[in-house]
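model-v4.cif follows; it contains mmCIF, C-alpha atoms.
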data_structure
#
loop_
_atom_site.label_atom_id
_atom_site.label_comp_id
_atom_site.auth_asym_id
_atom_site.auth_seq_id
_atom_site.Cartn_x
_atom_site.Cartn_y
_atom_site.Cartn_z
CA MET A 1 -69.43 11.92 -133.45
CA ILE A 2 -66.27 12.13 -135.52
CA ILE A 3 -64.58 14.16 -132.75
CA CYS A 4 -65.37 11.32 -130.28
CA VAL A 5 -63.85 8.77 -132.64
CA LEU A 6 -60.73 10.89 -133.08
CA PHE A 7 -60.47 11.40 -129.32
CA ILE A 8 -60.37 7.67 -128.60
CA HIS A 9 -58.05 6.99 -131.54
CA LEU A 10 -60.43 4.50 -133.16
CA LYS A 11 -58.83 2.83 -136.14
CA LYS A 12 -61.99 1.26 -137.58
CA ASN A 13 -64.39 2.24 -140.32
CA ILE A 14 -66.94 4.92 -139.46
CA TYR A 15 -70.47 4.56 -140.81
CA ILE A 16 -72.70 7.63 -140.78
CA ARG A 17 -76.45 7.49 -141.43
CA LYS A 18 -77.68 10.85 -142.60
CA ASP A 19 -81.35 9.81 -142.41
CA LEU A 20 -81.36 9.85 -138.59
CA PRO A 21 -81.37 12.96 -136.36
CA SER A 22 -79.13 11.30 -133.77
CA GLY A 23 -76.03 9.19 -133.72
CA ASN A 24 -74.70 6.05 -132.10
CA LEU A 25 -71.16 5.08 -131.33
CA TRP A 26 -70.62 1.37 -130.82
CA ILE A 27 -67.27 0.16 -129.63
CA ILE A 28 -66.96 -3.59 -129.96
CA SER A 29 -63.77 -4.94 -128.44
CA LYS A 30 -62.95 -8.33 -126.94
CA GLU A 31 -60.13 -6.66 -124.98
CA ILE A 32 -62.41 -4.03 -123.40
CA THR A 33 -65.04 -6.71 -122.69
CA GLN A 34 -62.48 -8.88 -120.91
CA ASP A 35 -61.14 -5.90 -118.90
CA LEU A 36 -64.68 -5.06 -117.74
CA MET A 37 -65.39 -8.68 -116.81
CA ASN A 38 -62.11 -8.77 -114.84
CA LEU A 39 -63.44 -5.76 -112.88
CA GLY A 40 -66.64 -7.61 -112.00
CA LEU A 41 -69.13 -6.83 -114.77
CA THR A 42 -71.13 -9.77 -116.10
CA ARG A 43 -73.18 -10.51 -119.18
CA HIS A 44 -76.39 -10.86 -117.11
CA LYS A 45 -76.20 -7.70 -115.02
CA SER A 46 -79.93 -7.61 -114.24
CA GLN A 47 -79.64 -10.83 -112.22
CA GLU A 48 -76.01 -10.71 -111.06
CA LEU A 49 -74.89 -7.08 -110.70
CA LYS A 50 -72.70 -6.37 -107.68
CA TRP A 51 -70.91 -3.20 -106.65
CA ILE A 52 -67.47 -2.86 -108.23
CA GLU A 53 -65.19 -2.58 -105.21
CA GLN A 54 -62.22 -1.31 -107.24
CA ILE A 55 -63.85 2.07 -107.95
CA PRO A 56 -61.73 4.76 -106.25
CA ASP A 57 -63.82 7.10 -104.05
CA GLN A 58 -63.16 10.09 -106.31
CA TYR A 59 -64.82 8.23 -109.24
CA VAL A 60 -67.92 6.85 -107.49
CA SER A 61 -70.06 9.85 -108.51
CA HIS A 62 -69.03 9.40 -112.15
CA PHE A 63 -69.84 5.68 -111.99
CA VAL A 64 -73.26 6.40 -110.44
CA ARG A 65 -74.00 9.03 -113.10
CA GLY A 66 -73.20 6.49 -115.84
CA TYR A 67 -75.26 3.82 -114.12
CA PHE A 68 -78.18 6.22 -113.74
CA ASP A 69 -77.98 7.02 -117.45
CA GLY A 70 -78.73 3.36 -118.19
CA ASP A 71 -81.01 2.27 -115.34
CA GLY A 72 -82.33 5.47 -113.78
CA HIS A 73 -85.45 7.60 -114.10
CA VAL A 74 -86.46 11.13 -113.07
CA GLY A 75 -90.10 12.16 -113.11
CA LEU A 76 -92.91 14.00 -111.39
CA ALA A 77 -95.43 12.21 -109.20
CA GLN A 78 -98.75 13.94 -108.70
CA ALA A 79 -101.24 13.26 -105.93
CA HIS A 80 -104.92 14.21 -106.17
CA ASN A 81 -104.05 17.90 -105.85
CA PRO A 82 -102.55 19.09 -109.18
CA ASN A 83 -100.46 21.64 -107.26
CA ASP A 84 -98.86 18.90 -105.14
CA LYS A 85 -96.18 17.46 -107.41
CA LYS A 86 -93.14 15.66 -106.12
CA LEU A 87 -89.87 14.97 -107.85
CA ILE A 88 -89.15 11.25 -108.03
CA VAL A 89 -85.77 9.65 -108.77
CA LYS A 90 -85.57 5.87 -109.27
CA LEU A 91 -82.79 3.41 -109.96
CA VAL A 92 -83.29 -0.32 -110.56
CA SER A 93 -80.89 -3.21 -110.03
CA THR A 94 -80.15 -6.26 -107.89
CA LEU A 95 -80.62 -6.04 -104.12
CA PRO A 96 -76.88 -6.07 -103.25
CA PHE A 97 -76.16 -3.31 -105.77
CA ILE A 98 -79.12 -1.17 -104.67
CA GLN A 99 -78.18 -1.57 -100.99
CA ARG A 100 -74.60 -0.46 -101.68
CA LEU A 101 -75.77 2.43 -103.85
CA LYS A 102 -78.09 3.57 -101.05
CA SER A 103 -75.23 3.41 -98.54
CA GLU A 104 -73.01 5.46 -100.90
CA PHE A 105 -75.73 8.16 -101.09
CA GLU A 106 -76.11 8.11 -97.30
CA LYS A 107 -72.35 8.38 -96.83
CA TYR A 108 -72.28 11.37 -99.18
CA TYR A 109 -75.31 13.15 -97.65
CA GLY A 110 -74.59 12.16 -94.03
CA SER A 111 -78.10 10.89 -93.30
CA GLU A 112 -80.44 8.05 -94.17
CA CYS A 113 -82.32 8.63 -97.41
CA GLY A 114 -84.28 6.76 -100.06
CA SER A 115 -86.32 3.58 -99.90
CA ILE A 116 -85.87 0.14 -101.45
CA LYS A 117 -88.79 -1.74 -102.99
CA ASP A 118 -88.85 -5.39 -104.11
CA ASN A 119 -90.53 -5.65 -107.52
CA LYS A 120 -90.14 -9.46 -107.76
CA THR A 121 -87.63 -9.50 -110.66
CA TYR A 122 -85.63 -6.40 -109.66
CA PHE A 123 -85.22 -3.94 -106.81
CA GLU A 124 -85.93 -0.23 -106.97
CA LEU A 125 -84.23 2.57 -105.04
CA THR A 126 -86.51 5.62 -104.85
CA TYR A 127 -85.96 9.19 -103.69
CA THR A 128 -88.83 11.66 -103.55
CA GLY A 129 -89.06 15.30 -102.67
CA SER A 130 -91.04 18.43 -103.40
#

Here is a file; write its structure as C-alpha cells.
Amino acid sequence: MIICVLFIHLKKNIYIRKDLPSGNLWIISKEITQDLMNLGLTRHKSQELKWIEQIPDQYVSHFVRGYFDGDGHVGLAQAHNPNDKKLIVKLVSTLPFIQRLKSEFEKYYGSECGSIKDNKTYFELTYTGS
C-alpha cells in the first residue's frame, strides 16, 4: 500500500489498520472528481451511465477491465448434468452502456456475441461458453 502512495506522490496522512488482512486506498479529491465528471462520469452511474467517447482505442480494454472489476461477475452455471458446466461472464449497467460494450466486444472479436437481458432496474450483458 505504501508503495502505491509513493507512486502517486500522495501528500496526505496514511492510516494503516493492522487488525485487517487487506488494505484500502481512498483518494478523495475535488479536482479528480471534477475531471471525471468533465469526461462524462456522473454521481448516479447506475441510472445514467453512458459510454465515455473520449477513450482512445488503445485504452478501451483497460477501461473495460476496470469496469468489470466493479460491475462484472464470472461464475459457473450448471445444468441438471453435473458434468455439464458452463462458464458465465456478466456485466451490468444501463442499456446504452451495455449496447456499446457489446459492440466493442463484437468489433474486437469480429462476430456477434453475448446477449442483453432487461432486469427492470438494470441491464445485463451475458457471455456463456463451455

Chain and number of each residue from the PyMOL selection byres ((chain A and resi 90-93) around 12), as a count of residues only: 49

What does the distance from atom CA of A:Asp57 to atom CA of A:Leu36 come to in Å, to one decimal? 18.3 Å

Atom pair atom CA of A:Gln34 + atom CA of A:Phe63, distance 18.6 Å

Would you give the centre and edge lengths, in Å to one decimal, of a box along x, y and z around the listed atoms of stretch 110-128 of chain A, with 5 Å added to each side, as lines of an AutoDock Vina configuration file?
center_x = -82.6
center_y = 1.3
center_z = -102.0
size_x = 25.9
size_y = 31.7
size_z = 27.4

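Put simply, atom CA of A:Glu112 is 21.2 Å away from atom CA of A:Gln58.
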
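Proximity to A:Phe105 was assessed for A:Ser61, A:Gln78, A:Asn83, A:Asp35 counting only C-alpha atoms; the smallest distance is recorded for A:Ser61.
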
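Distances here use all atoms listed in the file; by that measure, the residue among A:Cys113, A:Lys86, A:Tyr108, A:Leu39 closest to A:Gly129 is A:Lys86.
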
Requested file, stretch 63-105 of chain A restricted to N, CA and C atoms, as a CSV table (one decimal), in the first residue's frame:
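Output contents, as saved in part-v2.csv:
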chain,number,residue,atom,x,y,z
A,63,PHE,N,-10.1,0.2,-19.8
A,63,PHE,CA,-11.3,0.7,-19.2
A,63,PHE,C,-12.3,-0.4,-18.9
A,64,VAL,N,-12.5,-1.3,-19.9
A,64,VAL,CA,-13.4,-2.4,-19.7
A,64,VAL,C,-13.0,-3.3,-18.5
A,65,ARG,N,-11.7,-3.6,-18.4
A,65,ARG,CA,-11.2,-4.4,-17.3
A,65,ARG,C,-11.5,-3.7,-16.0
A,66,GLY,N,-11.3,-2.4,-15.9
A,66,GLY,CA,-11.7,-1.6,-14.7
A,66,GLY,C,-13.2,-1.6,-14.4
A,67,TYR,N,-14.0,-1.5,-15.4
A,67,TYR,CA,-15.4,-1.5,-15.3
A,67,TYR,C,-15.9,-2.9,-14.8
A,68,PHE,N,-15.3,-3.9,-15.4
A,68,PHE,CA,-15.6,-5.3,-15.0
A,68,PHE,C,-15.3,-5.5,-13.5
A,69,ASP,N,-14.2,-5.0,-13.1
A,69,ASP,CA,-13.8,-5.2,-11.7
A,69,ASP,C,-14.9,-4.6,-10.7
A,70,GLY,N,-15.6,-3.6,-11.1
A,70,GLY,CA,-16.7,-3.1,-10.3
A,70,GLY,C,-18.0,-3.6,-10.5
A,71,ASP,N,-18.4,-3.9,-11.8
A,71,ASP,CA,-19.7,-4.4,-12.1
A,71,ASP,C,-19.8,-5.6,-12.9
A,72,GLY,N,-18.8,-6.5,-12.8
A,72,GLY,CA,-18.8,-7.7,-13.5
A,72,GLY,C,-18.8,-8.9,-12.6
A,73,HIS,N,-19.0,-10.1,-13.2
A,73,HIS,CA,-19.1,-11.4,-12.5
A,73,HIS,C,-18.7,-12.5,-13.4
A,74,VAL,N,-17.9,-13.4,-12.9
A,74,VAL,CA,-17.5,-14.7,-13.6
A,74,VAL,C,-18.0,-15.8,-12.7
A,75,GLY,N,-18.6,-16.8,-13.3
A,75,GLY,CA,-19.1,-17.9,-12.5
A,75,GLY,C,-19.3,-19.2,-13.4
A,76,LEU,N,-19.7,-20.2,-12.7
A,76,LEU,CA,-20.0,-21.5,-13.4
A,76,LEU,C,-21.5,-21.7,-13.3
A,77,ALA,N,-22.1,-22.0,-14.4
A,77,ALA,CA,-23.6,-22.4,-14.4
A,77,ALA,C,-23.6,-23.9,-14.7
A,78,GLN,N,-24.5,-24.5,-13.9
A,78,GLN,CA,-24.6,-26.0,-14.1
A,78,GLN,C,-26.0,-26.4,-14.4
A,79,ALA,N,-26.1,-27.2,-15.4
A,79,ALA,CA,-27.5,-27.7,-15.8
A,79,ALA,C,-27.7,-28.9,-14.9
A,80,HIS,N,-28.7,-29.8,-15.3
A,80,HIS,CA,-29.0,-30.9,-14.5
A,80,HIS,C,-27.9,-31.9,-14.4
A,81,ASN,N,-27.1,-32.0,-15.5
A,81,ASN,CA,-25.9,-32.9,-15.5
A,81,ASN,C,-24.7,-32.2,-14.8
A,82,PRO,N,-24.2,-32.8,-13.7
A,82,PRO,CA,-23.1,-32.2,-13.0
A,82,PRO,C,-21.8,-32.0,-13.9
A,83,ASN,N,-21.7,-32.8,-14.9
A,83,ASN,CA,-20.6,-32.7,-15.8
A,83,ASN,C,-20.7,-31.6,-16.9
A,84,ASP,N,-21.9,-31.0,-16.9
A,84,ASP,CA,-22.2,-30.0,-18.0
A,84,ASP,C,-22.2,-28.6,-17.3
A,85,LYS,N,-21.0,-28.1,-17.1
A,85,LYS,CA,-20.8,-26.8,-16.5
A,85,LYS,C,-20.4,-25.8,-17.6
A,86,LYS,N,-21.0,-24.6,-17.5
A,86,LYS,CA,-20.6,-23.6,-18.5
A,86,LYS,C,-20.1,-22.4,-17.8
A,87,LEU,N,-19.1,-21.8,-18.4
A,87,LEU,CA,-18.5,-20.5,-17.8
A,87,LEU,C,-19.5,-19.4,-18.2
A,88,ILE,N,-19.8,-18.5,-17.2
A,88,ILE,CA,-20.7,-17.4,-17.4
A,88,ILE,C,-20.0,-16.1,-17.1
A,89,VAL,N,-20.0,-15.1,-17.9
A,89,VAL,CA,-19.5,-13.8,-17.6
A,89,VAL,C,-20.6,-12.8,-17.8
A,90,LYS,N,-20.8,-12.0,-16.7
A,90,LYS,CA,-21.9,-11.0,-16.8
A,90,LYS,C,-21.4,-9.6,-16.4
A,91,LEU,N,-21.9,-8.6,-17.1
A,91,LEU,CA,-21.7,-7.2,-16.7
A,91,LEU,C,-23.1,-6.5,-16.6
A,92,VAL,N,-23.2,-5.6,-15.7
A,92,VAL,CA,-24.5,-4.9,-15.5
A,92,VAL,C,-24.3,-3.4,-15.7
A,93,SER,N,-25.3,-2.8,-16.2
A,93,SER,CA,-25.2,-1.3,-16.4
A,93,SER,C,-26.5,-0.8,-17.0
A,94,THR,N,-26.5,0.4,-17.6
A,94,THR,CA,-27.6,1.0,-18.3
A,94,THR,C,-27.6,0.4,-19.7
A,95,LEU,N,-28.8,0.5,-20.4
A,95,LEU,CA,-28.9,-0.1,-21.7
A,95,LEU,C,-27.9,0.6,-22.7
A,96,PRO,N,-27.8,1.9,-22.8
A,96,PRO,CA,-26.8,2.5,-23.7
A,96,PRO,C,-25.4,2.0,-23.5
A,97,PHE,N,-25.0,1.9,-22.2
A,97,PHE,CA,-23.6,1.5,-21.9
A,97,PHE,C,-23.4,0.0,-22.4
A,98,ILE,N,-24.4,-0.8,-22.0
A,98,ILE,CA,-24.3,-2.3,-22.3
A,98,ILE,C,-24.3,-2.5,-23.8
A,99,GLN,N,-25.1,-1.8,-24.5
A,99,GLN,CA,-25.1,-1.9,-26.0
A,99,GLN,C,-23.8,-1.5,-26.6
A,100,ARG,N,-23.2,-0.4,-26.1
A,100,ARG,CA,-21.9,0.0,-26.6
A,100,ARG,C,-20.8,-1.0,-26.3
A,101,LEU,N,-20.9,-1.5,-25.0
A,101,LEU,CA,-19.9,-2.5,-24.6
A,101,LEU,C,-20.0,-3.8,-25.5
A,102,LYS,N,-21.2,-4.2,-25.7
A,102,LYS,CA,-21.4,-5.4,-26.6
A,102,LYS,C,-20.8,-5.1,-28.0
A,103,SER,N,-21.0,-3.9,-28.5
A,103,SER,CA,-20.5,-3.6,-29.9
A,103,SER,C,-19.0,-3.5,-29.8
A,104,GLU,N,-18.4,-3.1,-28.7
A,104,GLU,CA,-16.9,-3.1,-28.6
A,104,GLU,C,-16.4,-4.5,-28.6
A,105,PHE,N,-17.0,-5.4,-27.9
A,105,PHE,CA,-16.6,-6.8,-27.9
A,105,PHE,C,-16.7,-7.4,-29.3
